[in-house]
file final.cif (mmCIF, C-alpha atoms)
data_structure
loop_
_atom_site.label_atom_id
_atom_site.label_comp_id
_atom_site.auth_asym_id
_atom_site.auth_seq_id
_atom_site.Cartn_x
_atom_site.Cartn_y
_atom_site.Cartn_z
CA MET A 1 219.14 -26.73 179.14
CA THR A 2 219.49 -25.48 175.58
CA ALA A 3 216.80 -23.59 173.73
CA ALA A 4 216.21 -26.56 171.42
CA ARG A 5 215.41 -28.83 174.36
CA SER A 6 212.99 -26.43 175.95
CA PRO A 7 210.23 -25.85 173.42
CA HIS A 8 208.36 -23.34 175.56
CA SER A 9 211.33 -21.18 176.52
CA ASN A 10 211.38 -17.64 175.20
CA ARG A 11 215.09 -17.72 174.49
CA VAL A 12 216.42 -16.86 171.07
CA GLN A 13 217.52 -19.89 169.08
CA PRO A 14 221.36 -20.10 169.05
CA LEU A 15 223.05 -19.83 165.66
CA LEU A 16 224.57 -23.31 165.80
CA GLY A 17 221.84 -24.93 167.89
CA SER A 18 222.13 -28.15 169.87
CA SER A 19 221.69 -30.30 166.75
CA MET A 20 221.77 -29.91 162.99
CA TYR A 21 217.98 -29.58 162.82
CA ALA A 22 217.91 -26.89 165.50
CA SER A 23 220.83 -25.01 163.95
CA ARG A 24 219.92 -21.68 162.37
CA LEU A 25 223.16 -21.81 160.37
CA PHE A 26 222.15 -25.15 158.81
CA ALA A 27 218.63 -23.85 158.17
CA ILE A 28 219.73 -20.65 156.45
CA THR A 29 222.31 -22.49 154.32
CA LEU A 30 219.69 -25.04 153.23
CA ALA A 31 217.14 -22.28 152.58
CA VAL A 32 219.61 -20.37 150.38
CA ALA A 33 220.39 -23.59 148.47
CA VAL A 34 216.66 -24.24 147.93
CA VAL A 35 215.95 -20.66 146.82
CA VAL A 36 218.88 -20.53 144.38
CA THR A 37 218.09 -23.98 142.92
CA LEU A 38 214.40 -23.17 142.45
CA GLY A 39 215.22 -19.83 140.84
CA LEU A 40 217.71 -21.37 138.41
CA ALA A 41 215.33 -24.24 137.56
CA ALA A 42 212.50 -21.80 136.91
CA TYR A 43 214.72 -19.58 134.75
CA THR A 44 216.21 -22.37 132.65
CA HIS A 45 213.06 -24.49 132.19
CA GLY A 46 210.01 -22.47 133.16
CA GLY A 47 210.49 -19.30 131.13
CA THR A 48 210.50 -15.71 132.34
CA PRO A 49 206.87 -15.53 133.64
CA GLN A 50 207.32 -18.66 135.79
CA PHE A 51 210.75 -17.42 136.90
CA VAL A 52 209.29 -14.10 138.07
CA THR A 53 206.58 -15.93 140.06
CA VAL A 54 209.09 -18.29 141.68
CA ALA A 55 211.55 -15.45 142.38
CA VAL A 56 208.88 -13.31 144.08
CA ALA A 57 207.77 -16.28 146.21
CA CYS A 58 211.38 -17.04 147.17
CA VAL A 59 212.18 -13.43 148.10
CA VAL A 60 208.95 -12.90 150.05
CA GLY A 61 209.25 -16.25 151.85
CA PHE A 62 212.93 -15.88 152.69
CA ALA A 63 212.74 -12.21 153.77
CA SER A 64 209.61 -12.78 155.87
CA TRP A 65 211.23 -15.79 157.56
CA ILE A 66 214.36 -13.78 158.42
CA ALA A 67 212.25 -10.87 159.68
CA THR A 68 209.88 -12.91 161.85
CA THR A 69 210.31 -16.56 162.84
CA TYR A 70 214.01 -17.14 162.02
CA ARG A 71 215.29 -16.50 165.56
CA ARG A 72 212.30 -17.93 167.32
CA PRO A 73 212.75 -20.85 169.76
CA PRO A 74 211.07 -24.11 168.68
CA SER A 75 207.45 -24.63 169.67
CA ARG A 76 204.24 -26.29 168.49
CA PRO A 77 203.62 -25.29 164.84
CA ALA A 78 200.87 -22.67 164.97
CA ALA A 79 199.99 -22.82 161.28
CA LEU A 80 200.20 -26.55 160.45
CA ASP A 81 196.48 -26.75 159.64
CA LEU A 82 196.79 -23.82 157.26
CA TYR A 83 199.97 -25.31 155.78
CA VAL A 84 198.10 -28.51 154.87
CA ALA A 85 195.05 -26.51 153.73
CA THR A 86 197.31 -24.52 151.40
CA LEU A 87 198.69 -27.74 149.89
CA VAL A 88 195.14 -29.00 149.24
CA ALA A 89 194.08 -25.61 147.82
CA LEU A 90 197.14 -25.60 145.54
CA THR A 91 196.17 -29.09 144.30
CA VAL A 92 192.71 -27.74 143.42
CA LEU A 93 194.33 -24.80 141.60
CA TYR A 94 196.72 -27.13 139.73
CA ALA A 95 193.76 -29.33 138.75
CA GLU A 96 191.97 -26.38 137.14
CA GLN A 97 195.16 -25.13 135.49
CA TRP A 98 195.99 -28.58 134.09
CA SER A 99 192.47 -29.26 132.82
CA ARG A 100 192.35 -25.92 130.98
CA GLY A 101 195.92 -25.90 129.63
CA PHE A 102 197.57 -23.25 131.78
CA SER A 103 201.11 -23.86 130.50
CA SER A 104 200.13 -23.67 126.83
CA ARG A 105 198.14 -20.50 127.49
CA LEU A 106 201.09 -18.87 129.22
CA MET A 107 203.35 -19.64 126.28
CA GLN A 108 200.77 -18.17 123.91
CA LEU A 109 200.59 -14.98 126.00
CA TYR A 110 204.35 -14.45 126.12
CA PRO A 111 205.87 -16.08 123.02
CA ALA A 112 209.02 -13.94 123.24
CA ALA A 113 209.76 -15.28 126.74
CA TYR A 114 210.03 -18.86 125.54
CA SER A 115 212.99 -19.71 123.35
CA THR A 116 213.50 -23.22 122.02
CA GLY A 117 213.63 -25.81 124.80
CA VAL A 118 212.29 -23.41 127.43
CA GLY A 119 208.76 -23.67 128.85
CA LEU A 120 206.72 -26.40 130.49
CA THR A 121 204.39 -28.50 128.38
CA ASP A 122 201.00 -29.40 129.88
CA HIS A 123 202.40 -32.90 130.51
CA ALA A 124 205.46 -31.51 132.33
CA PHE A 125 203.23 -29.18 134.37
CA VAL A 126 201.70 -32.20 136.15
CA ALA A 127 205.13 -33.66 136.90
CA VAL A 128 206.53 -30.38 138.24
CA PHE A 129 203.71 -28.82 140.29
CA PRO A 130 201.20 -31.36 141.69
CA LEU A 131 203.79 -34.17 141.96
CA ALA A 132 207.38 -32.98 142.56
CA GLY A 133 206.30 -29.62 144.01
CA SER A 134 203.76 -31.10 146.41
CA ALA A 135 206.25 -33.81 147.49
CA LEU A 136 208.83 -31.14 148.38
CA LEU A 137 206.25 -29.05 150.25
CA LEU A 138 205.18 -32.16 152.20
CA LEU A 139 208.80 -32.76 153.22
CA GLY A 140 208.89 -29.11 154.27
CA GLY A 141 205.73 -29.74 156.28
CA LEU A 142 207.49 -32.60 158.05
CA THR A 143 210.33 -30.30 159.15
CA TYR A 144 207.79 -27.67 160.19
CA TYR A 145 205.87 -30.23 162.28
CA HIS A 146 209.10 -31.15 164.08
CA GLY A 147 209.78 -27.49 164.91
CA ALA A 148 213.08 -27.46 163.01
CA ALA A 149 214.52 -24.05 162.14
CA PHE A 150 214.27 -24.91 158.44
CA GLY A 151 210.63 -25.91 158.90
CA ARG A 152 209.68 -22.32 159.63
CA PHE A 153 211.28 -21.31 156.31
CA ALA A 154 209.27 -24.09 154.65
CA ALA A 155 206.09 -22.64 156.17
CA TRP A 156 206.89 -19.11 154.99
CA PHE A 157 207.86 -20.32 151.52
CA THR A 158 204.70 -22.42 151.16
CA PHE A 159 202.44 -19.51 152.07
CA ALA A 160 204.42 -17.13 149.86
CA TRP A 161 204.18 -19.61 146.97
CA GLY A 162 200.46 -20.12 147.52
CA ALA A 163 199.77 -16.39 147.48
CA THR A 164 202.13 -15.58 144.60
CA THR A 165 201.01 -18.35 142.28
CA ALA A 166 197.35 -17.47 142.94
CA LEU A 167 197.89 -13.76 142.30
CA ALA A 168 199.96 -14.50 139.20
CA VAL A 169 196.89 -16.07 137.57
CA TYR A 170 195.25 -12.62 137.57
CA LEU A 171 198.43 -10.63 136.91
CA TYR A 172 199.78 -12.51 133.86
CA PRO A 173 197.12 -11.15 131.46
CA LEU A 174 197.74 -7.53 132.58
CA PHE A 175 201.23 -7.39 131.04
CA THR A 176 200.28 -8.49 127.53
CA ARG A 177 199.68 -6.11 124.65
CA GLU A 178 196.44 -7.73 123.55
CA PRO A 179 193.41 -8.45 125.78
CA ALA A 180 193.88 -11.96 127.12
CA GLY A 181 190.82 -12.66 129.26
CA LEU A 182 190.91 -14.89 132.33
CA MET A 183 193.76 -17.38 132.73
CA PRO A 184 193.16 -21.06 133.58
CA GLY A 185 193.02 -21.21 137.37
CA ALA A 186 191.09 -17.95 137.84
CA ILE A 187 188.14 -19.75 139.45
CA SER A 188 190.05 -21.64 142.13
CA ALA A 189 192.94 -19.18 142.73
CA PRO A 190 191.16 -17.45 145.66
CA LEU A 191 191.42 -20.73 147.63
CA PRO A 192 195.23 -20.85 147.99
CA LEU A 193 195.33 -17.06 148.23
CA VAL A 194 193.06 -17.02 151.30
CA THR A 195 194.69 -19.98 153.06
CA SER A 196 198.15 -18.53 152.39
CA LEU A 197 197.28 -15.08 153.73
CA LEU A 198 195.72 -16.64 156.84
CA GLY A 199 198.85 -18.76 157.22
CA MET A 200 201.11 -15.71 156.98
CA ARG A 201 199.00 -13.96 159.60
CA ALA A 202 199.27 -16.98 161.89
CA LEU A 203 203.05 -17.05 161.48
CA ILE A 204 203.38 -13.33 162.25
CA ARG A 205 200.94 -13.18 165.14
CA ARG A 206 201.39 -16.58 166.78
CA GLU A 207 204.88 -17.77 165.87
CA GLY A 208 207.01 -14.68 165.38
CA VAL A 209 206.17 -13.18 168.73
CA GLY A 210 209.41 -12.90 170.65
CA PRO A 211 211.49 -10.09 172.09
CA ALA A 212 214.13 -10.18 169.35
CA THR A 213 211.89 -10.33 166.32
CA TYR A 214 210.54 -7.70 164.00
CA ALA A 215 207.21 -9.49 164.20
CA ALA A 216 206.85 -8.46 167.84
CA ARG A 217 207.41 -4.83 166.89
CA LEU A 218 204.99 -5.16 164.00
CA ASP A 219 202.45 -6.75 166.29
CA ARG A 220 202.83 -3.97 168.91
CA GLU A 221 202.56 -1.27 166.24
CA LEU A 222 199.45 -2.98 164.88
CA ASP A 223 197.90 -3.05 168.35
CA ARG A 224 198.74 0.67 168.94
CA ALA A 225 197.24 1.59 165.57
CA LEU A 226 194.09 -0.34 166.43
CA VAL A 227 193.80 1.45 169.82
CA LYS A 228 194.26 4.85 168.14
CA ALA A 229 191.72 3.96 165.47
CA ARG A 230 189.18 3.05 168.16
CA ARG A 231 189.79 6.35 170.02
CA VAL A 232 189.33 8.34 166.80
CA ALA A 233 186.18 6.41 166.04
CA ARG A 234 184.74 7.32 169.46
CA MET B 235 182.42 -60.76 170.82
CA THR B 236 185.92 -59.80 171.98
CA SER B 237 186.84 -56.48 173.49
CA SER B 238 188.63 -55.52 170.25
CA GLN B 239 185.37 -55.54 168.29
CA PRO B 240 183.62 -52.18 168.25
CA ASN B 241 180.24 -51.76 169.84
CA VAL B 242 178.82 -49.23 167.38
CA ALA B 243 176.04 -48.15 169.73
CA SER B 244 178.57 -46.90 172.31
CA LEU B 245 180.66 -44.85 169.83
CA ASP B 246 180.41 -41.07 169.92
CA ARG B 247 178.59 -39.20 167.18
CA GLU B 248 181.78 -38.04 165.45
CA THR B 249 183.09 -41.61 165.18
CA ARG B 250 179.76 -43.02 163.96
CA LEU B 251 179.59 -40.29 161.30
CA SER B 252 183.17 -41.08 160.24
CA VAL B 253 182.32 -44.78 159.87
CA ALA B 254 179.27 -43.89 157.76
CA ILE B 255 181.27 -41.52 155.52
CA VAL B 256 183.93 -44.17 154.92
CA ALA B 257 181.30 -46.86 154.26
CA VAL B 258 179.80 -44.62 151.53
CA PHE B 259 183.13 -43.38 150.16
CA ILE B 260 184.68 -46.82 149.55
CA PRO B 261 182.10 -48.09 146.99
CA THR B 262 181.87 -44.62 145.38
CA TYR B 263 185.63 -44.27 144.78
CA ALA B 264 185.87 -47.95 143.79
CA THR B 265 183.11 -47.52 141.20
CA ILE B 266 184.76 -44.45 139.64
CA LEU B 267 188.08 -46.28 139.50
CA TYR B 268 186.50 -49.47 138.10
CA LEU B 269 184.81 -47.57 135.28
CA GLN B 270 188.17 -46.02 134.37
CA ALA B 271 190.87 -48.54 135.12
CA GLY B 272 189.22 -51.94 135.40
CA LEU B 273 189.30 -54.72 137.94
CA LEU B 274 193.04 -54.97 138.51
CA VAL B 275 193.61 -51.39 139.72
CA VAL B 276 190.33 -51.26 141.63
CA GLY B 277 191.23 -54.55 143.30
CA ILE B 278 194.43 -53.05 144.69
CA VAL B 279 192.98 -49.67 145.70
CA ALA B 280 189.57 -50.83 146.97
CA GLY B 281 191.19 -53.88 148.56
CA SER B 282 193.46 -51.53 150.53
CA MET B 283 190.46 -49.42 151.51
CA VAL B 284 188.46 -52.41 152.73
CA ALA B 285 191.46 -53.89 154.56
CA GLY B 286 192.22 -50.49 156.13
CA PHE B 287 188.56 -50.11 157.09
CA ALA B 288 188.46 -53.55 158.75
CA ILE B 289 191.71 -53.00 160.68
CA TRP B 290 190.56 -49.52 161.71
CA LEU B 291 187.27 -50.93 163.08
CA ARG B 292 189.10 -53.64 165.03
CA THR B 293 191.92 -51.50 166.46
CA THR B 294 192.11 -47.71 166.74
CA LEU B 295 188.50 -46.70 165.97
CA ARG B 296 187.75 -45.67 169.55
CA ARG B 297 191.10 -44.15 170.34
CA PRO B 298 192.98 -42.61 167.39
CA PRO B 299 196.75 -42.58 168.06
CA ALA B 300 198.60 -39.39 168.93
CA ALA B 301 199.84 -37.32 165.99
CA ALA B 302 203.43 -37.78 167.13
CA ALA B 303 203.06 -41.53 166.65
CA ILE B 304 202.08 -41.50 162.98
CA LEU B 305 202.10 -38.03 161.38
CA PRO B 306 205.86 -37.95 160.61
CA ALA B 307 205.68 -41.41 158.97
CA TYR B 308 202.50 -40.40 157.16
CA LEU B 309 203.95 -37.18 155.70
CA LEU B 310 207.17 -38.92 154.67
CA ALA B 311 205.28 -41.82 153.07
CA LEU B 312 203.02 -39.38 151.24
CA ALA B 313 205.97 -37.37 149.86
CA LEU B 314 207.68 -40.59 148.72
CA PHE B 315 204.41 -41.80 147.19
CA LEU B 316 204.09 -38.60 145.14
CA LEU B 317 207.64 -39.11 143.85
CA HIS B 318 206.66 -42.69 143.02
CA VAL B 319 203.61 -41.47 141.08
CA LEU B 320 205.95 -39.04 139.32
CA GLU B 321 207.97 -42.03 138.05
CA GLU B 322 204.75 -43.79 136.98
CA TYR B 323 203.54 -40.67 135.18
CA ALA B 324 206.85 -40.05 133.43
CA PHE B 325 207.01 -43.60 132.04
CA ASP B 326 203.35 -44.04 130.98
CA PHE B 327 202.08 -46.28 133.77
CA ALA B 328 198.45 -45.78 132.72
CA GLY B 329 199.07 -46.82 129.10
CA ARG B 330 201.08 -49.90 130.10
CA ILE B 331 198.48 -51.05 132.66
CA ALA B 332 195.68 -50.43 130.17
CA ALA B 333 197.43 -52.55 127.54
CA ALA B 334 198.29 -55.33 129.99
CA ALA B 335 194.82 -55.48 131.57
CA HIS B 336 192.96 -54.83 128.28
CA VAL B 337 191.11 -51.75 129.57
CA GLN B 338 190.85 -48.12 128.49
CA TRP B 339 192.70 -45.97 131.01
CA THR B 340 193.90 -42.69 129.58
CA ASP B 341 196.68 -40.47 130.84
CA ALA B 342 194.09 -37.81 131.74
CA GLN B 343 192.07 -40.27 133.84
CA PHE B 344 195.26 -41.33 135.63
CA VAL B 345 196.02 -37.68 136.45
CA GLU B 346 192.46 -37.03 137.69
CA VAL B 347 192.24 -40.00 140.06
CA ILE B 348 195.82 -40.89 141.05
CA VAL B 349 197.65 -37.55 140.79
CA LEU B 350 194.98 -35.08 141.92
CA LEU B 351 191.96 -36.59 143.72
CA GLY B 352 193.70 -39.30 145.76
CA PRO B 353 196.62 -37.16 146.99
CA ALA B 354 194.27 -34.22 147.75
CA ILE B 355 192.29 -36.49 150.10
CA TRP B 356 195.45 -37.93 151.65
CA VAL B 357 197.07 -34.52 152.16
CA ALA B 358 193.87 -33.21 153.76
CA GLY B 359 193.90 -36.31 155.97
CA ALA B 360 197.08 -34.99 157.62
CA VAL B 361 195.03 -32.29 159.39
CA ALA B 362 192.60 -34.90 160.70
CA ILE B 363 195.51 -37.08 161.90
CA TYR B 364 197.06 -34.04 163.61
CA HIS B 365 193.81 -33.43 165.52
CA ARG B 366 193.22 -37.16 166.21
CA HIS B 367 189.95 -37.18 164.28
CA PRO B 368 188.62 -40.72 163.59
CA LEU B 369 188.39 -40.01 159.85
CA GLY B 370 192.07 -39.09 159.77
CA ASN B 371 192.87 -42.36 161.47
CA PHE B 372 191.03 -44.30 158.75
CA ILE B 373 192.84 -42.33 156.05
CA ALA B 374 196.15 -43.26 157.69
CA TRP B 375 195.17 -46.95 157.80
CA PHE B 376 193.99 -46.88 154.18
CA PHE B 377 197.16 -45.17 152.99
CA PHE B 378 199.59 -47.32 154.96
CA VAL B 379 197.83 -50.59 154.07
CA GLY B 380 197.60 -49.42 150.46
CA MET B 381 201.34 -48.91 150.31
CA ILE B 382 202.01 -52.37 151.74
CA ILE B 383 199.50 -54.15 149.46
CA GLY B 384 199.78 -52.05 146.31
CA GLU B 385 203.40 -51.14 145.86
CA PRO B 386 204.96 -54.64 145.64
CA THR B 387 202.74 -55.33 142.61
CA HIS B 388 205.11 -53.15 140.57
CA MET B 389 207.73 -55.87 141.06
CA LEU B 390 205.72 -59.03 141.63
CA VAL B 391 202.69 -58.71 139.33
CA PHE B 392 202.87 -56.03 136.62
CA PRO B 393 206.08 -57.18 134.86
CA PHE B 394 204.64 -60.69 134.48
CA MET B 395 201.37 -59.41 133.04
CA GLU B 396 203.18 -58.16 129.95
CA GLY B 397 204.90 -61.51 129.36
CA GLY B 398 208.43 -62.11 128.13
CA ARG B 399 211.60 -61.73 130.19
CA TYR B 400 211.30 -60.00 133.60
CA HIS B 401 211.62 -56.31 132.81
CA TYR B 402 211.13 -52.73 134.06
CA PHE B 403 207.59 -51.58 134.72
CA PRO B 404 206.77 -47.86 135.33
CA GLY B 405 207.06 -47.06 139.03
CA MET B 406 209.27 -50.05 139.84
CA TRP B 407 212.34 -48.16 141.08
CA SER B 408 210.49 -46.02 143.61
CA ALA B 409 207.81 -48.55 144.66
CA LEU B 410 209.48 -49.80 147.83
CA ALA B 411 210.37 -46.35 149.23
CA PRO B 412 206.88 -45.41 150.57
CA MET B 413 206.55 -48.88 152.11
CA VAL B 414 209.27 -48.15 154.66
CA PRO B 415 207.53 -45.30 156.54
CA ALA B 416 204.17 -47.04 155.93
CA ALA B 417 205.39 -50.20 157.69
CA TYR B 418 206.71 -48.08 160.54
CA GLY B 419 203.38 -46.20 160.74
CA ILE B 420 201.40 -49.46 160.97
CA TRP B 421 203.73 -50.80 163.65
CA ARG B 422 203.40 -47.57 165.65
CA MET B 423 199.60 -47.54 165.39
CA LEU B 424 199.33 -51.16 166.50
CA ALA B 425 201.80 -50.57 169.35
CA ASP B 426 199.86 -47.46 170.40
CA ASP B 427 196.62 -49.48 170.31
CA ARG B 428 198.14 -52.32 172.35
CA GLY B 429 199.43 -49.79 174.87
CA ALA B 430 196.01 -48.13 175.15
CA ARG B 431 194.28 -51.48 175.66
CA GLY B 432 196.80 -52.35 178.36
CA VAL B 433 195.98 -49.12 180.18
CA VAL B 434 192.24 -49.79 179.83
CA ARG B 435 192.60 -53.32 181.23
CA LEU B 436 194.54 -52.17 184.28
CA THR B 437 192.54 -49.08 185.17
CA PRO B 438 188.86 -48.13 185.27
CA PRO B 439 187.60 -46.57 181.99
CA ARG B 440 187.28 -43.04 183.42
CA ALA B 441 190.86 -43.07 184.68
CA ALA B 442 192.11 -44.36 181.34
CA GLU B 443 190.35 -41.51 179.52
CA ALA B 444 191.89 -38.97 181.88
CA ASP B 445 195.37 -40.42 181.27
CA ALA B 446 195.01 -40.17 177.51
CA PRO B 447 197.15 -37.35 176.04
#

call {"tool": "encode", "arguments": {"input": "final.cif", "output": "structure tokens"}}
result
Amino acid sequence: MTAARSPHSNRVQPLLGSSMYASRLFAITLAVAVVVTLGLAAYTHGGTPQFVTVAVACVVGFASWIATTYRRPPSRPAALDLYVATLVALTVLYAEQWSRGFSSRLMQLYPAAYSTGVGLTDHAFVAVFPLAGSALLLLGGLTYYHGAAFGRFAAWFTFAWGATTALAVYLYPLFTREPAGLMPGAISAPLPLVTSLLGMRALIRREGVGPATYAARLDRELDRALVKARRVAR
Amino acid sequence: MTSSQPNVASLDRETRLSVAIVAVFIPTYATILYLQAGLLVVGIVAGSMVAGFAIWLRTTLRRPPAAAAILPAYLLALALFLLHVLEEYAFDFAGRIAAAAHVQWTDAQFVEVIVLLGPAIWVAGAVAIYHRHPLGNFIAWFFFVGMIIGEPTHMLVFPFMEGGRYHYFPGMWSALAPMVPAAYGIWRMLADDRGARGVVRLTPPRAAEADAP
């Protein structure tokens, strides 16, 4: 029986897998295509600040996936609840950002980063983030629910995006020359930040645990550190 | 009364609470939508809610189907629906409906209710479906029935409201896509319900509960 047909086996997922959806090669190729396309789209249309946010989310999501759940055999998705919660929290964040003109504010903060034709209008913001973005993340959630190798990248990317876009709300004003105050989204940003961090923790502790993963080593080191800390405390 | 009709007194507390929440939510959401978009839009949305509510009460209220039966169709239909709303948004659906139905429905109101509030509830419903919560089952019925009732109007009703030769109406090209997984989801839920009733008829109630996944 192959690893893909035995969801509870502890065997490492083979590179080619028993089907396209179980194939790690297919998953990594698709993930690279997604990351490159998102990065280029953000650079050409979103402007430098949006590009930096997207690039950080892509790098964190992709690297964390490779380091933890990439080789893991398929199993029940441990963080599906948090995945959906992050999508809802992101919708709340987008709602606040849209109602208070986040895109316009960003372009005011960094005028030099937006040449002619670059930058999202407030109208385009709705089309890109709550509509197209959420649709793509839902499709990612579908692959994650099915335990596909790519689905675990989708989970990592979603949590990385949730955390990065929430943190960016507070970080954007820090790199301007003049005091900028709070950005639109500052009230609701903690929501996706918390759900994303919890999701990352669930992926590391409950999905990445296998003999061939860095997550297992990280988890063991974390446990040892906790034991030492308790001894010192006594 | 047939066996398919729910005996509310015998439902568990979670299910009774879900029925009460839905019974309050339907008129509330319908009122908000009516004040913004008028009778036509509220007829489609609230009609879907009421139809979904009635079917839910008569079929899967007591025994929500397994996530594997409907969650994939639900997530796919939801993603396709968001892409459909994207087409509507890009081509000024709200303005065209407002002009055709002689109501005031602004772009901002469309974003609030159709782009943000509705999808937020539906996306959150995925968790409830995953855990077989009764409320999630209603949300699935509402969404699937809504796709079947609401989406064909982009081809069969809206173009005729504006008069003249049959023409494009915002959302027309992507309207049928969410109907495909929605139809499959309805079929799976009804098949699951028929299967469950078959088990209940053949075995004592306790044994049927123990067999349930």

call {"tool": "atom_distance", "arguments": {"input": "final.cif", "atom1": "atom CA of Pro412 of chain B", "atom2": "atom CA of Leu316 of chain B"}}
result
9.1 Å

call {"tool": "interface_residues", "arguments": {"input": "final.cif", "of": "chain A", "to": "chain B", "cutoff": "8 Å", "atoms": "only C-alpha atoms", "output": "list in words"}}
result
Leu80, Asp81, Val84, Ala85, Leu87, Val88, Thr91, Val92, Ala95, Val126, Ala127, Pro130, Leu131, Ala132, Ser134, Ala135, Leu136, Leu138, Leu139, Gly141, Leu142 and Tyr145 of chain A

call {"tool": "resolve_selection", "arguments": {"input": "final.cif", "expression": "the PyMOL selection byres ((chain A and resi 176) around 12)", "output": "list in words"}}
result
Pro49, Leu106, Met107, Gln108, Leu109, Tyr110, Pro111, Ala112, Ala113, Tyr170, Leu171, Tyr172, Pro173, Leu174, Phe175, Arg177, Glu178, Pro179, Ala180 and Gly181 of chain A

call {"tool": "residues_around", "arguments": {"input": "final.cif", "residues": "segment 424-434 of chain B", "least_positions_apart": "6", "cutoff": "8 Å", "atoms": "only C-alpha atoms", "output": "PyMOL selection string"}}
result
chain B and resi 293-294+297+299+303+442

call {"tool": "write_last_selection", "arguments": {"input": "final.cif", "atoms": "C-alpha atoms", "output": "short mmCIF file (atom, residue, chain, number, x, y, z; two decimals), keeping the file's coordinate frame"}}
result
data_model
loop_
_atom_site.label_atom_id
_atom_site.label_comp_id
_atom_site.auth_asym_id
_atom_site.auth_seq_id
_atom_site.Cartn_x
_atom_site.Cartn_y
_atom_site.Cartn_z
CA THR B 293 191.92 -51.50 166.46
CA THR B 294 192.11 -47.71 166.74
CA ARG B 297 191.10 -44.15 170.34
CA PRO B 299 196.75 -42.58 168.06
CA ALA B 303 203.06 -41.53 166.65
CA ALA B 442 192.11 -44.36 181.34
#

call {"tool": "resolve_selection", "arguments": {"input": "final.cif", "expression": "the PyMOL selection byres ((chain A and resi 41) around 12)", "output": "mmCIF file with C-alpha atoms, in the coordinates of the input"}}
result
data_model
loop_
_atom_site.group_PDB
_atom_site.id
_atom_site.type_symbol
_atom_site.label_atom_id
_atom_site.label_comp_id
_atom_site.auth_asym_id
_atom_site.auth_seq_id
_atom_site.Cartn_x
_atom_site.Cartn_y
_atom_site.Cartn_z
ATOM 1 C CA VAL A 34 216.660 -24.240 147.930
ATOM 2 C CA VAL A 35 215.950 -20.660 146.820
ATOM 3 C CA VAL A 36 218.880 -20.530 144.380
ATOM 4 C CA THR A 37 218.090 -23.980 142.920
ATOM 5 C CA LEU A 38 214.400 -23.170 142.450
ATOM 6 C CA GLY A 39 215.220 -19.830 140.840
ATOM 7 C CA LEU A 40 217.710 -21.370 138.410
ATOM 8 C CA ALA A 42 212.500 -21.800 136.910
ATOM 9 C CA TYR A 43 214.720 -19.580 134.750
ATOM 10 C CA THR A 44 216.210 -22.370 132.650
ATOM 11 C CA HIS A 45 213.060 -24.490 132.190
ATOM 12 C CA GLY A 46 210.010 -22.470 133.160
ATOM 13 C CA GLY A 47 210.490 -19.300 131.130
ATOM 14 C CA THR A 48 210.500 -15.710 132.340
ATOM 15 C CA GLN A 50 207.320 -18.660 135.790
ATOM 16 C CA PHE A 51 210.750 -17.420 136.900
ATOM 17 C CA VAL A 52 209.290 -14.100 138.070
ATOM 18 C CA VAL A 54 209.090 -18.290 141.680
ATOM 19 C CA ALA A 55 211.550 -15.450 142.380
ATOM 20 C CA VAL A 118 212.290 -23.410 127.430
ATOM 21 C CA GLY A 119 208.760 -23.670 128.850
ATOM 22 C CA LEU A 120 206.720 -26.400 130.490
ATOM 23 C CA VAL A 128 206.530 -30.380 138.240
#

call {"tool": "resolve_selection", "arguments": {"input": "final.cif", "expression": "the PyMOL selection byres ((chain B and resi 391) around 12)", "output": "number ranges by chain"}}
result
B: 274-275, 278, 331, 334-335, 383-390, 392-397, 400-403, 406

call {"tool": "closest_residue", "arguments": {"input": "final.cif", "among": "A:Leu82, A:Tyr114, A:Trp98, A:Phe129", "to": "Arg201 of chain A", "atoms": "only C-alpha atoms"}}
result
A:Leu82

call {"tool": "atom_distance", "arguments": {"input": "final.cif", "atom1": "atom CA of Trp421 of chain B", "atom2": "atom CA of Ile289 of chain B"}}
result
12.6 Å

call {"tool": "atom_distance", "arguments": {"input": "final.cif", "atom1": "atom CA of Asp246 of chain B", "atom2": "atom CA of Pro298 of chain B"}}
result
12.9 Å

call {"tool": "closest_residue", "arguments": {"input": "final.cif", "among": "A:Ala89, A:Ala149, A:Ala155, A:Val169", "to": "Val194 of chain A", "atoms": "only C-alpha atoms"}}
result
A:Ala89

call {"tool": "axis_aligned_box", "arguments": {"input": "final.cif", "around": "segment 115-119 of chain A", "padding_each_side": "4 Å", "output": "lines of an AutoDock Vina configuration file"}}
result
center_x = 211.2
center_y = -22.8
center_z = 125.4
size_x = 12.9
size_y = 14.1
size_z = 14.8

call {"tool": "closest_residue", "arguments": {"input": "final.cif", "among": "B:Val276, B:Val284, B:Gly419, B:Glu248", "to": "Ala374 of chain B", "atoms": "only C-alpha atoms"}}
result
B:Gly419

call {"tool": "residues_around", "arguments": {"input": "final.cif", "residues": "Leu90 of chain A", "least_positions_apart": "5", "cutoff": "8 Å", "atoms": "all atoms listed in the file", "output": "ChimeraX atom specification"}}
result
/A:162,191-192

call {"tool": "closest_residue", "arguments": {"input": "final.cif", "among": "B:Val347, B:Leu410, B:Ala301, B:Val279", "to": "Gly380 of chain B", "atoms": "all atoms listed in the file"}}
result
B:Val279

call {"tool": "residues_around", "arguments": {"input": "final.cif", "residues": "His146 of chain A", "least_positions_apart": "6", "cutoff": "9 Å", "atoms": "only C-alpha atoms", "output": "PyMOL selection string"}}
result
(chain A and resi 74-77) or (chain B and resi 306)
